Amino acid sequence: MSPLYIFIALMVFSLVGVLFAFWKGAAAERTAALVVMANMAISIAVNWASRDLAATVVFASDGLSALILLVVTVRYGAPWMGGVMLFYAAQFSLHSFYLVTARPNTDYLHALINNINSAGISWCLIIGVAVTARRRWRLAQRVRPPPT
């Protein structure tokens, strides 16, 4: 399969996860979706604008995203955010390894780990939204009186 098709499929999947978070999520999910969407937009824009600066800007963007999501995790105490934080830590480590060793970030290992991390972040967001929506639905069922 062409790398372009994998990239497009991953971006569509991430976009669906972000839109699902905006549609059904609570404040924690919407904030996380906003951070994920901004991180994706920065990564795509800098890769198209300047390949020389891409590695450094994406490294800084992932670090800033992880820091913001850490604040969201502490603020809202959402358990699914732990998974997101682990994926962002792996992403940050991947970029730092490639920057320190001056390896080109166009090899298969980089693409594989990057795609797994991106999909994992989207899955954590989708699962977090589903759990939150289910919890709200169950709470609404308890509050509503039974039909007579």
# chains A, B, ... in the order shown; residues from 1 in each chain; ligands from 1
>>> residues_around(residues="range 73-79 of chain A", least_positions_apart="3", cutoff="12 Å", atoms="only C-alpha atoms", output="PyMOL selection string")
chain A and resi 25-32+66-70+82-86+124-125+127-129+131-132
>>> residues_around(residues="range 97-110 of chain A", least_positions_apart="4", cutoff="9 Å", atoms="only C-alpha atoms", output="VMD selection string")
chain A and resid 55 to 56 59 92 to 93 114 to 115
>>> write_last_selection(atoms="N, CA and C atoms", output="short mmCIF file (atom, residue, chain, number, x, y, z; two decimals), in the first residue's frame")
data_model
loop_
_atom_site.label_atom_id
_atom_site.label_comp_id
_atom_site.auth_asym_id
_atom_site.auth_seq_id
_atom_site.Cartn_x
_atom_site.Cartn_y
_atom_site.Cartn_z
N ALA A 55 11.42 18.70 11.44
CA ALA A 55 11.74 17.83 12.58
C ALA A 55 11.74 18.61 13.89
N THR A 56 12.32 19.79 13.87
CA THR A 56 12.40 20.59 15.09
C THR A 56 11.03 21.11 15.51
N PHE A 59 8.86 18.25 16.77
CA PHE A 59 9.36 17.88 18.10
C PHE A 59 8.81 18.84 19.16
N PHE A 92 7.24 11.84 21.47
CA PHE A 92 8.28 12.79 21.83
C PHE A 92 9.65 12.10 21.86
N SER A 93 9.70 10.89 22.38
CA SER A 93 10.95 10.13 22.41
C SER A 93 11.42 9.78 21.00
N ASN A 114 5.47 6.33 14.21
CA ASN A 114 4.66 7.54 14.13
C ASN A 114 3.20 7.19 13.83
N ASN A 115 2.97 6.27 12.91
CA ASN A 115 1.60 5.88 12.58
C ASN A 115 0.91 5.14 13.72
#
>>> residues_around(residues="Gly17 in chain A", least_positions_apart="4", cutoff="7 Å", atoms="only C-alpha atoms", output="PyMOL selection string")
chain A and resi 13+21+122+125-126
>>> closest_residue(among="A:Ala45, A:Met37, A:Ala133, A:Ser61", to="Val16 in chain A", atoms="only C-alpha atoms")
A:Met37
